[in-house]
Every structure is written in C-alpha cells, then in structure tokens.
>>> print(open('my_file_11.cif').read())   # mmCIF, C-alpha atoms
data_target
#
loop_
_atom_site.label_atom_id
_atom_site.label_comp_id
_atom_site.auth_asym_id
_atom_site.auth_seq_id
_atom_site.Cartn_x
_atom_site.Cartn_y
_atom_site.Cartn_z
CA MET A 25 74.08 195.84 153.91
CA SER A 26 75.19 192.95 151.69
CA ARG A 27 73.79 192.50 148.19
CA THR A 28 72.00 189.32 149.24
CA ALA A 29 70.38 190.99 152.26
CA LEU A 30 69.37 193.97 150.12
CA LEU A 31 67.76 191.69 147.50
CA ALA A 32 65.94 189.71 150.20
CA THR A 33 64.59 192.92 151.71
CA LEU A 34 63.52 194.15 148.28
CA ALA A 35 61.75 190.83 147.61
CA MET A 36 59.78 191.09 150.82
CA LEU A 37 58.82 194.70 150.11
CA VAL A 38 57.70 193.94 146.56
CA LEU A 39 55.65 190.93 147.63
CA ALA A 40 54.17 192.80 150.59
CA GLY A 41 53.37 195.77 148.36
CA CYS A 42 51.40 193.52 146.05
CA GLY A 43 49.21 192.45 148.93
CA SER A 44 50.79 189.03 148.70
CA LYS A 45 49.87 186.30 151.08
CA GLY A 46 52.18 183.87 149.32
CA PRO A 47 55.12 181.92 150.65
CA VAL A 48 58.30 183.45 151.94
CA LEU A 49 61.28 181.42 150.80
CA THR A 50 64.07 180.30 153.09
CA PRO A 51 67.59 181.41 152.08
CA LYS A 52 69.94 178.64 150.98
CA ASP A 53 73.63 178.11 151.74
CA ALA A 54 75.99 180.07 149.49
CA GLN A 55 78.95 177.72 150.00
CA ALA A 56 79.14 174.70 147.70
CA PRO A 57 80.10 171.49 149.50
CA ALA A 58 83.63 170.20 148.90
CA ASN A 59 83.89 167.78 145.97
CA VAL A 60 80.39 168.49 144.60
CA ASP A 61 80.55 169.76 141.03
CA PHE A 62 77.68 169.46 138.54
CA SER A 63 79.82 170.67 135.60
CA GLY A 64 79.52 168.64 132.45
CA SER A 65 77.13 167.50 129.74
CA TRP A 66 74.11 165.40 130.70
CA ARG A 67 71.56 163.41 128.67
CA LEU A 68 68.08 162.47 129.92
CA ARG A 69 67.67 158.70 130.26
CA PRO A 70 65.19 157.26 127.73
CA ALA A 71 63.00 155.93 130.56
CA PHE A 72 62.38 159.56 131.63
CA ALA A 73 61.78 161.03 128.15
CA ASP A 74 58.07 161.30 128.90
CA THR A 75 58.61 163.81 131.72
CA ASN A 76 58.89 166.80 129.37
CA ARG A 77 55.52 165.89 127.82
CA ARG A 78 54.05 165.57 131.32
CA PHE A 79 55.28 169.09 132.13
CA ASP A 80 53.36 170.33 129.09
CA GLU A 81 50.17 168.52 130.17
CA ILE A 82 50.41 170.02 133.65
CA ALA A 83 50.90 173.46 132.10
CA GLY A 84 47.76 172.99 130.01
CA ARG A 85 45.67 172.00 133.02
CA ALA A 86 47.10 174.85 135.08
CA ALA A 87 46.34 177.35 132.29
CA GLU A 88 42.69 176.24 132.34
CA ASP A 89 42.60 177.25 136.01
CA GLY A 90 44.24 180.61 135.27
CA ASN A 91 47.44 179.39 136.91
CA PRO A 92 50.06 178.55 134.23
CA LEU A 93 53.17 177.45 136.07
CA ILE A 94 55.31 176.17 133.22
CA ARG A 95 55.63 176.87 129.54
CA THR A 96 54.28 174.62 126.87
CA ARG A 97 56.45 173.74 123.88
CA ASP A 98 54.79 176.55 121.88
CA ARG A 99 56.76 179.22 123.73
CA ALA A 100 55.79 182.08 121.43
CA ALA A 101 52.06 181.50 121.87
CA GLU A 102 52.55 180.88 125.59
CA SER A 103 54.41 184.16 125.93
CA ARG A 104 51.56 186.04 124.21
CA ARG A 105 48.95 184.41 126.46
CA ALA A 106 50.97 185.06 129.62
CA GLY A 107 50.38 188.79 129.41
CA ARG A 108 46.61 188.27 129.28
CA ARG A 109 46.18 185.72 132.07
CA ALA A 110 45.72 186.18 135.76
CA GLY A 111 47.25 183.77 138.22
CA SER A 112 50.76 182.40 138.56
CA LEU A 113 53.31 183.36 135.95
CA LEU A 114 56.02 181.10 137.34
CA HIS A 115 55.91 179.25 134.02
CA VAL A 116 58.60 181.59 132.71
CA PHE A 117 61.02 180.33 135.36
CA LEU A 118 60.95 176.58 134.61
CA GLU A 119 62.83 175.11 131.70
CA THR A 120 62.86 171.53 130.47
CA GLY A 121 65.09 169.66 128.10
CA SER A 122 66.58 166.32 127.11
CA THR A 123 70.16 167.54 127.36
CA LEU A 124 71.79 169.76 129.94
CA LYS A 125 75.17 171.45 129.93
CA ILE A 126 76.15 172.69 133.37
CA THR A 127 79.01 175.00 134.25
CA GLN A 128 79.66 175.42 137.96
CA THR A 129 81.82 178.22 139.36
CA ASP A 130 82.69 179.20 142.93
CA HIS A 131 79.63 181.46 143.01
CA GLY A 132 76.93 179.77 140.96
CA VAL A 133 75.83 177.50 138.12
CA PHE A 134 74.85 178.02 134.51
CA ILE A 135 72.48 175.39 133.11
CA SER A 136 71.85 175.17 129.36
CA PHE A 137 68.68 173.28 128.37
CA ASP A 138 68.86 171.67 124.91
CA ARG A 139 71.48 174.26 123.88
CA ALA A 140 68.69 176.83 123.67
CA VAL A 141 68.06 178.49 127.04
CA VAL A 142 70.62 179.17 129.75
CA GLU A 143 69.55 179.70 133.35
CA GLU A 144 71.99 181.30 135.80
CA TYR A 145 71.70 180.71 139.54
CA GLU A 146 73.90 182.41 142.12
CA PHE A 147 74.69 180.40 145.25
CA GLY A 148 72.90 181.92 148.23
CA GLU A 149 70.74 184.25 146.11
CA HIS A 150 67.49 185.31 147.71
CA GLY A 151 65.43 188.07 146.22
CA VAL A 152 63.26 189.17 143.34
CA VAL A 153 63.99 187.89 139.85
CA SER A 154 62.44 189.21 136.66
CA VAL A 155 61.84 187.98 133.14
CA GLY A 156 60.43 190.92 131.24
CA GLU A 157 57.50 192.22 133.29
CA VAL A 158 57.13 188.98 135.26
CA THR A 159 58.66 188.98 138.75
CA ALA A 160 58.89 186.32 141.44
CA GLU A 161 60.78 185.60 144.62
CA ARG A 162 63.72 183.19 144.27
CA ALA A 163 66.04 181.44 146.70
CA ALA A 164 68.87 179.32 145.31
CA GLY A 165 71.76 177.53 146.96
CA TRP A 166 72.80 174.44 148.84
CA GLU A 167 70.98 172.15 151.25
CA GLY A 168 73.72 169.68 152.12
CA THR A 169 74.96 168.22 148.82
CA ARG A 170 71.73 169.13 146.99
CA PHE A 171 71.47 172.29 144.89
CA VAL A 172 67.98 173.75 145.34
CA VAL A 173 66.16 176.51 143.46
CA GLU A 174 62.82 177.71 144.83
CA THR A 175 60.64 180.23 143.03
CA ALA A 176 57.37 181.66 144.38
CA ASP A 177 54.93 184.01 142.73
CA GLY A 178 53.38 185.46 145.89
CA ASP A 179 50.02 183.89 145.07
CA ASP A 180 50.43 180.47 146.70
CA ALA A 181 52.29 178.93 143.75
CA ARG A 182 55.75 177.49 144.28
CA LEU A 183 58.28 175.75 142.05
CA THR A 184 61.10 173.76 143.66
CA GLU A 185 63.92 172.27 141.59
CA THR A 186 66.52 170.04 143.26
CA TYR A 187 69.71 168.76 141.62
CA THR A 188 71.62 165.84 143.18
CA LEU A 189 74.63 163.84 141.99
CA GLY A 190 74.66 160.05 142.19
CA ALA A 191 77.34 158.33 144.26
CA ASP A 192 79.69 157.93 141.29
CA ASP A 193 79.11 161.50 139.94
CA GLU A 194 78.01 159.97 136.62
CA VAL A 195 74.29 160.41 137.30
CA LEU A 196 72.38 163.65 137.88
CA VAL A 197 68.89 163.54 139.40
CA ARG A 198 66.61 166.54 138.92
CA SER A 199 63.47 166.62 141.06
CA VAL A 200 60.75 169.16 140.32
CA ARG A 201 57.87 169.92 142.69
CA LEU A 202 55.02 172.15 141.52
CA VAL A 203 52.55 173.58 144.00
CA LEU A 204 49.67 175.40 142.32
CA ARG A 205 46.48 177.02 143.49
CA LYS A 206 43.42 174.79 142.97
CA GLN A 207 45.52 171.70 142.25
CA PRO A 208 47.30 169.02 144.26
CA PRO A 209 51.12 169.23 144.28
CA VAL A 210 52.88 167.50 141.39
CA GLU A 211 56.31 165.89 141.71
CA LEU A 212 58.38 164.70 138.77
CA GLU A 213 61.89 163.29 138.62
CA GLN A 214 64.36 163.27 135.74
CA VAL A 215 67.55 161.18 135.66
CA PHE A 216 70.44 162.26 133.45
CA ASP A 217 73.63 160.38 132.56
CA ARG A 218 76.96 162.14 132.10
CA VAL A 219 78.00 162.43 128.45
CA GLU A 220 81.73 162.21 127.72
#
>>> encode(input="my_file_11.cif", output="structure tokens")
Amino acid sequence: MSRTALLATLAMLVLAGCGSKGPVLTPKDAQAPANVDFSGSWRLRPAFADTNRRFDEIAGRAAEDGNPLIRTRDRAAESRRAGRRAGSLLHVFLETGSTLKITQTDHGVFISFDRAVVEEYEFGEHGVVSVGEVTAERAAGWEGTRFVVETADGDDARLTETYTLGADDEVLVRSVRLVLRKQPPVELEQVFDRVE
C-alpha cells in the first residue's frame, strides 16, 4: 500500500473513530502541471491589506460560537485558549501574512508567511495532519493549474485555500473559503505581486 493510500486510510479511521460526521476530502492530483511554478517572493497588494484584519475578526466571532477556525494575531493567548475550547481547532492550520516566500519542488511547496511560519504541503497528500495535539484531515494538490489545500476538522468545519498564478506569472491570487458550524461560509481573496 502506498504512503498516500495508507495516510488516507488512517485519516478515515481516525475521523470515524471520533464519531465524526464531518466532510471527507477528495484527493488532489500529485502531478504539478507543466510550466506552473509558484516559487518566488510575493507581497500583498495594498488594496488587500485589510484581509488579514478580517481574518482576525472572523476568528473572534467564531471563537464566541466555540468554533475558532483561524488564529488571531495574539498567537500565544490563542494557543492557550485552544486547549480549553470545544469546536473546530482548524485555526492552527491557517496562516496569514503580507509577504510570502514560496519554494516549489517536484513533490510539494513550502510557503513562508512574513518570514515567521513555514507551511509544507506535499502534492497529492491526503491524510491526517497534526499540530501538537490538534489533528485534522488534509488533502493538498492540483486541480488543473490551481494548487488547492483543504483541511477539515471532522465537525463540519472546512478550510479551503487555493493558489493561482496570473497569466503573466507576476501575480499570485490566494482564495480562502471558511465553512464553520453556526455561520455562513466566508470567502476572502488576497492578491500578491512578485517581488524581484
């Protein structure tokens, strides 16, 4: 059995064992399309600078409902509260920033947010991911020329991040869709310009 199939099976067993009724994620393509490379440094356009603040507001509202999907800027306090709260803990899987540095290999991407936090995604990954004691199901890979990362907590909360290059490869669009219990879905878009 391949590593990917083993991780997918493990994810289903863990989520089923928790009595989960949450979403089951669809595996993504592990093969990057020819001539699509996100590598480089990217800066958030000023017109989209407010999106990081909006993420924090959404996190605050979600926390009031016992469903904190994303971290607030006070990460230390958020981390302490996370252990005490019920509901979605997907907040530990979403990062925001005004600058990105992306390194793409044949097998995955590394994304550095504001030179502070680096997320690693393997193309075609599908299984359980953990940050400390927090676990979730993740599927990452390609849908056409879009790189998509989906994370689900098994309790009807889902985070979908989509990265797309503009026609001239000088623009990177990041779309984030948050589906939370007790709240309507939220969609935000960030546009980044390549930095030489």
>>> atom_distance(input="my_file_11.cif", atom1="atom CA of A:Thr184", atom2="atom CA of A:Arg162")
9.8 Å
>>> closest_residue(input="my_file_11.cif", among="A:Thr159, A:Thr186, A:Ser199, A:Ser122", to="A:Pro70", atoms="all atoms listed in the file")
A:Ser122
>>> closest_residue(input="my_file_11.cif", among="A:Val215, A:Leu49, A:Val195, A:Leu202", to="A:Gly178", atoms="all atoms listed in the file")
A:Leu49
>>> atom_distance(input="my_file_11.cif", atom1="atom CA of A:Glu144", atom2="atom CA of A:Glu81")
25.9 Å
>>> atom_distance(input="my_file_11.cif", atom1="atom CA of A:Ala160", atom2="atom CA of A:Phe62")
25.4 Å
>>> residues_around(input="my_file_11.cif", residues="A:Glu143", least_positions_apart="2", cutoff="10 Å", atoms="all atoms listed in the file", output="PyMOL selection string")
chain A and resi 117-119+126+133-137+141+145
>>> resolve_selection(input="my_file_11.cif", expression="the PyMOL selection byres ((chain A and resi 71-74) around 12)", output="PyMOL selection string")
chain A and resi 67-70+75-81+120-123+197-199+212-217
>>> closest_residue(input="my_file_11.cif", among="A:Asp130, A:Glu220, A:Glu167, A:Glu174", to="A:Val200", atoms="all atoms listed in the file")
A:Glu174
>>> resolve_selection(input="my_file_11.cif", expression="the PyMOL selection byres ((chain A and resi 61) around 9)", output="list in words")
Ala56, Pro57, Ala58, Asn59, Val60, Phe62, Ser63, Gly64, Thr127, Gln128, Thr129, Leu189 and Asp193 of chain A
>>> axis_aligned_box(input="my_file_11.cif", around="stretch 203-212 of chain A", padding_each_side="4 Å", output="lines of an AutoDock Vina configuration file")
center_x = 50.9
center_y = 170.9
center_z = 141.5
size_x = 23.0
size_y = 20.3
size_z = 13.5
>>> closest_residue(input="my_file_11.cif", among="A:Ala140, A:Leu204, A:Ala163, A:Val155", to="A:Glu185", atoms="all atoms listed in the file")
A:Ala163
>>> closest_residue(input="my_file_11.cif", among="A:Ala181, A:Lys125, A:Arg139, A:Val48", to="A:Val152", atoms="all atoms listed in the file")
A:Val48
>>> closest_residue(input="my_file_11.cif", among="A:Ala164, A:Ala191, A:Ala176, A:Leu183", to="A:Val210", atoms="all atoms listed in the file")
A:Leu183
>>> residues_near_point(input="my_file_11.cif", point="(77.7, 177.6, 150.9)", cutoff="8 Å", atoms="all atoms listed in the file", output="number ranges by chain")
A: 52-57, 147-148, 165-166
>>> decode(input="my_file_11.cif", residues="stretch 192-208 of chain A", atoms="all heavy atoms", output="mmCIF file, in the first residue's frame")
data_model
loop_
_atom_site.group_PDB
_atom_site.id
_atom_site.type_symbol
_atom_site.label_atom_id
_atom_site.label_comp_id
_atom_site.auth_asym_id
_atom_site.auth_seq_id
_atom_site.Cartn_x
_atom_site.Cartn_y
_atom_site.Cartn_z
ATOM 1 N N ASP A 192 0.557 36.310 -16.522
ATOM 2 C CA ASP A 192 1.963 36.657 -16.753
ATOM 3 C C ASP A 192 2.897 36.107 -15.676
ATOM 4 O O ASP A 192 4.082 36.418 -15.671
ATOM 5 C CB ASP A 192 2.119 38.175 -16.856
ATOM 6 C CG ASP A 192 1.653 38.886 -15.586
ATOM 7 O OD1 ASP A 192 1.221 38.191 -14.629
ATOM 8 O OD2 ASP A 192 1.724 40.121 -15.539
ATOM 9 N N ASP A 193 2.389 35.287 -14.756
ATOM 10 C CA ASP A 193 3.157 34.694 -13.654
ATOM 11 C C ASP A 193 3.746 35.735 -12.699
ATOM 12 O O ASP A 193 4.612 35.426 -11.897
ATOM 13 C CB ASP A 193 4.277 33.786 -14.168
ATOM 14 C CG ASP A 193 3.751 32.529 -14.829
ATOM 15 O OD1 ASP A 193 2.545 32.247 -14.706
ATOM 16 O OD2 ASP A 193 4.540 31.822 -15.471
ATOM 17 N N GLU A 194 3.280 36.971 -12.777
ATOM 18 C CA GLU A 194 3.766 38.031 -11.893
ATOM 19 C C GLU A 194 2.761 38.346 -10.787
ATOM 20 O O GLU A 194 3.011 39.189 -9.948
ATOM 21 C CB GLU A 194 4.069 39.305 -12.700
ATOM 22 C CG GLU A 194 5.184 39.138 -13.711
ATOM 23 C CD GLU A 194 6.516 38.784 -13.070
ATOM 24 O OE1 GLU A 194 6.916 39.484 -12.117
ATOM 25 O OE2 GLU A 194 7.154 37.817 -13.518
ATOM 26 N N VAL A 195 1.610 37.667 -10.820
ATOM 27 C CA VAL A 195 0.557 37.876 -9.839
ATOM 28 C C VAL A 195 0.149 36.525 -9.266
ATOM 29 O O VAL A 195 0.006 35.546 -10.006
ATOM 30 C CB VAL A 195 -0.674 38.570 -10.479
ATOM 31 C CG1 VAL A 195 -1.830 38.645 -9.491
ATOM 32 C CG2 VAL A 195 -0.306 39.956 -10.973
ATOM 33 N N LEU A 196 -0.015 36.469 -7.955
ATOM 34 C CA LEU A 196 -0.469 35.265 -7.272
ATOM 35 C C LEU A 196 -1.772 35.600 -6.549
ATOM 36 O O LEU A 196 -1.836 36.570 -5.792
ATOM 37 C CB LEU A 196 0.582 34.807 -6.253
ATOM 38 C CG LEU A 196 0.209 33.632 -5.355
ATOM 39 C CD1 LEU A 196 0.141 32.339 -6.159
ATOM 40 C CD2 LEU A 196 1.208 33.492 -4.216
ATOM 41 N N VAL A 197 -2.806 34.812 -6.817
ATOM 42 C CA VAL A 197 -4.096 35.017 -6.158
ATOM 43 C C VAL A 197 -4.303 33.880 -5.165
ATOM 44 O O VAL A 197 -4.198 32.699 -5.519
ATOM 45 C CB VAL A 197 -5.253 35.046 -7.177
ATOM 46 C CG1 VAL A 197 -6.591 35.209 -6.453
ATOM 47 C CG2 VAL A 197 -5.040 36.166 -8.191
ATOM 48 N N ARG A 198 -4.581 34.245 -3.928
ATOM 49 C CA ARG A 198 -4.874 33.274 -2.871
ATOM 50 C C ARG A 198 -6.325 33.458 -2.452
ATOM 51 O O ARG A 198 -6.712 34.526 -1.986
ATOM 52 C CB ARG A 198 -3.955 33.493 -1.676
ATOM 53 C CG ARG A 198 -4.209 32.537 -0.525
ATOM 54 C CD ARG A 198 -3.394 32.928 0.687
ATOM 55 N NE ARG A 198 -3.468 31.913 1.725
ATOM 56 C CZ ARG A 198 -3.419 32.182 3.021
ATOM 57 N NH1 ARG A 198 -3.283 33.415 3.442
ATOM 58 N NH2 ARG A 198 -3.488 31.213 3.900
ATOM 59 N N SER A 199 -7.122 32.430 -2.643
ATOM 60 C CA SER A 199 -8.528 32.462 -2.229
ATOM 61 C C SER A 199 -8.685 31.567 -1.015
ATOM 62 O O SER A 199 -8.159 30.457 -0.984
ATOM 63 C CB SER A 199 -9.427 31.959 -3.351
ATOM 64 O OG SER A 199 -9.263 32.760 -4.495
ATOM 65 N N VAL A 200 -9.402 32.064 -0.011
ATOM 66 C CA VAL A 200 -9.625 31.307 1.215
ATOM 67 C C VAL A 200 -11.127 31.219 1.443
ATOM 68 O O VAL A 200 -11.832 32.235 1.414
ATOM 69 C CB VAL A 200 -8.945 31.981 2.426
ATOM 70 C CG1 VAL A 200 -9.250 31.231 3.713
ATOM 71 C CG2 VAL A 200 -7.442 32.072 2.200
ATOM 72 N N ARG A 201 -11.611 30.006 1.658
ATOM 73 C CA ARG A 201 -13.033 29.788 1.950
ATOM 74 C C ARG A 201 -13.126 29.082 3.296
ATOM 75 O O ARG A 201 -12.526 28.031 3.511
ATOM 76 C CB ARG A 201 -13.690 28.941 0.868
ATOM 77 C CG ARG A 201 -15.196 28.798 1.066
ATOM 78 C CD ARG A 201 -15.844 28.181 -0.181
ATOM 79 N NE ARG A 201 -17.268 28.443 -0.201
ATOM 80 C CZ ARG A 201 -18.195 27.640 0.316
ATOM 81 N NH1 ARG A 201 -17.835 26.509 0.899
ATOM 82 N NH2 ARG A 201 -19.467 27.951 0.250
ATOM 83 N N LEU A 202 -13.901 29.684 4.215
ATOM 84 C CA LEU A 202 -14.068 29.147 5.552
ATOM 85 C C LEU A 202 -15.511 28.711 5.722
ATOM 86 O O LEU A 202 -16.428 29.512 5.536
ATOM 87 C CB LEU A 202 -13.758 30.223 6.596
ATOM 88 C CG LEU A 202 -12.462 31.011 6.433
ATOM 89 C CD1 LEU A 202 -12.446 32.180 7.392
ATOM 90 C CD2 LEU A 202 -11.275 30.112 6.655
ATOM 91 N N VAL A 203 -15.712 27.452 6.059
ATOM 92 C CA VAL A 203 -17.051 26.953 6.342
ATOM 93 C C VAL A 203 -17.052 26.520 7.799
ATOM 94 O O VAL A 203 -16.297 25.627 8.187
ATOM 95 C CB VAL A 203 -17.429 25.765 5.427
ATOM 96 C CG1 VAL A 203 -18.809 25.239 5.775
ATOM 97 C CG2 VAL A 203 -17.359 26.180 3.963
ATOM 98 N N LEU A 204 -17.874 27.193 8.602
ATOM 99 C CA LEU A 204 -17.924 26.947 10.034
ATOM 100 C C LEU A 204 -19.316 26.510 10.446
ATOM 101 O O LEU A 204 -20.297 26.883 9.810
ATOM 102 C CB LEU A 204 -17.599 28.230 10.804
ATOM 103 C CG LEU A 204 -16.236 28.852 10.586
ATOM 104 C CD1 LEU A 204 -16.235 30.262 11.131
ATOM 105 C CD2 LEU A 204 -15.185 28.021 11.274
ATOM 106 N N ARG A 205 -19.380 25.763 11.537
ATOM 107 C CA ARG A 205 -20.686 25.490 12.127
ATOM 108 C C ARG A 205 -21.303 26.800 12.589
ATOM 109 O O ARG A 205 -20.603 27.697 13.036
ATOM 110 C CB ARG A 205 -20.533 24.562 13.340
ATOM 111 C CG ARG A 205 -20.156 23.150 13.011
ATOM 112 C CD ARG A 205 -20.051 22.297 14.262
ATOM 113 N NE ARG A 205 -18.943 22.734 15.111
ATOM 114 C CZ ARG A 205 -19.105 23.192 16.346
ATOM 115 N NH1 ARG A 205 -20.296 23.279 16.891
ATOM 116 N NH2 ARG A 205 -18.066 23.570 17.054
ATOM 117 N N LYS A 206 -22.604 26.924 12.498
ATOM 118 C CA LYS A 206 -23.376 28.050 13.022
ATOM 119 C C LYS A 206 -23.109 29.368 12.306
ATOM 120 O O LYS A 206 -23.548 30.418 12.775
ATOM 121 C CB LYS A 206 -23.110 28.255 14.518
ATOM 122 C CG LYS A 206 -23.391 27.053 15.390
ATOM 123 C CD LYS A 206 -23.075 27.379 16.828
ATOM 124 C CE LYS A 206 -23.234 26.158 17.715
ATOM 125 N NZ LYS A 206 -22.879 26.447 19.101
ATOM 126 N N GLN A 207 -22.374 29.362 11.193
ATOM 127 C CA GLN A 207 -22.093 30.604 10.498
ATOM 128 C C GLN A 207 -22.163 30.378 8.995
ATOM 129 O O GLN A 207 -21.874 29.280 8.517
ATOM 130 C CB GLN A 207 -20.698 31.120 10.852
ATOM 131 C CG GLN A 207 -20.538 31.527 12.290
ATOM 132 C CD GLN A 207 -19.216 32.227 12.518
ATOM 133 O OE1 GLN A 207 -18.702 32.896 11.636
ATOM 134 N NE2 GLN A 207 -18.673 32.074 13.709
ATOM 135 N N PRO A 208 -22.512 31.414 8.248
ATOM 136 C CA PRO A 208 -22.487 31.273 6.792
ATOM 137 C C PRO A 208 -21.042 31.198 6.306
ATOM 138 O O PRO A 208 -20.136 31.712 6.966
ATOM 139 C CB PRO A 208 -23.181 32.546 6.288
ATOM 140 C CG PRO A 208 -23.053 33.529 7.404
ATOM 141 C CD PRO A 208 -23.009 32.726 8.675
#
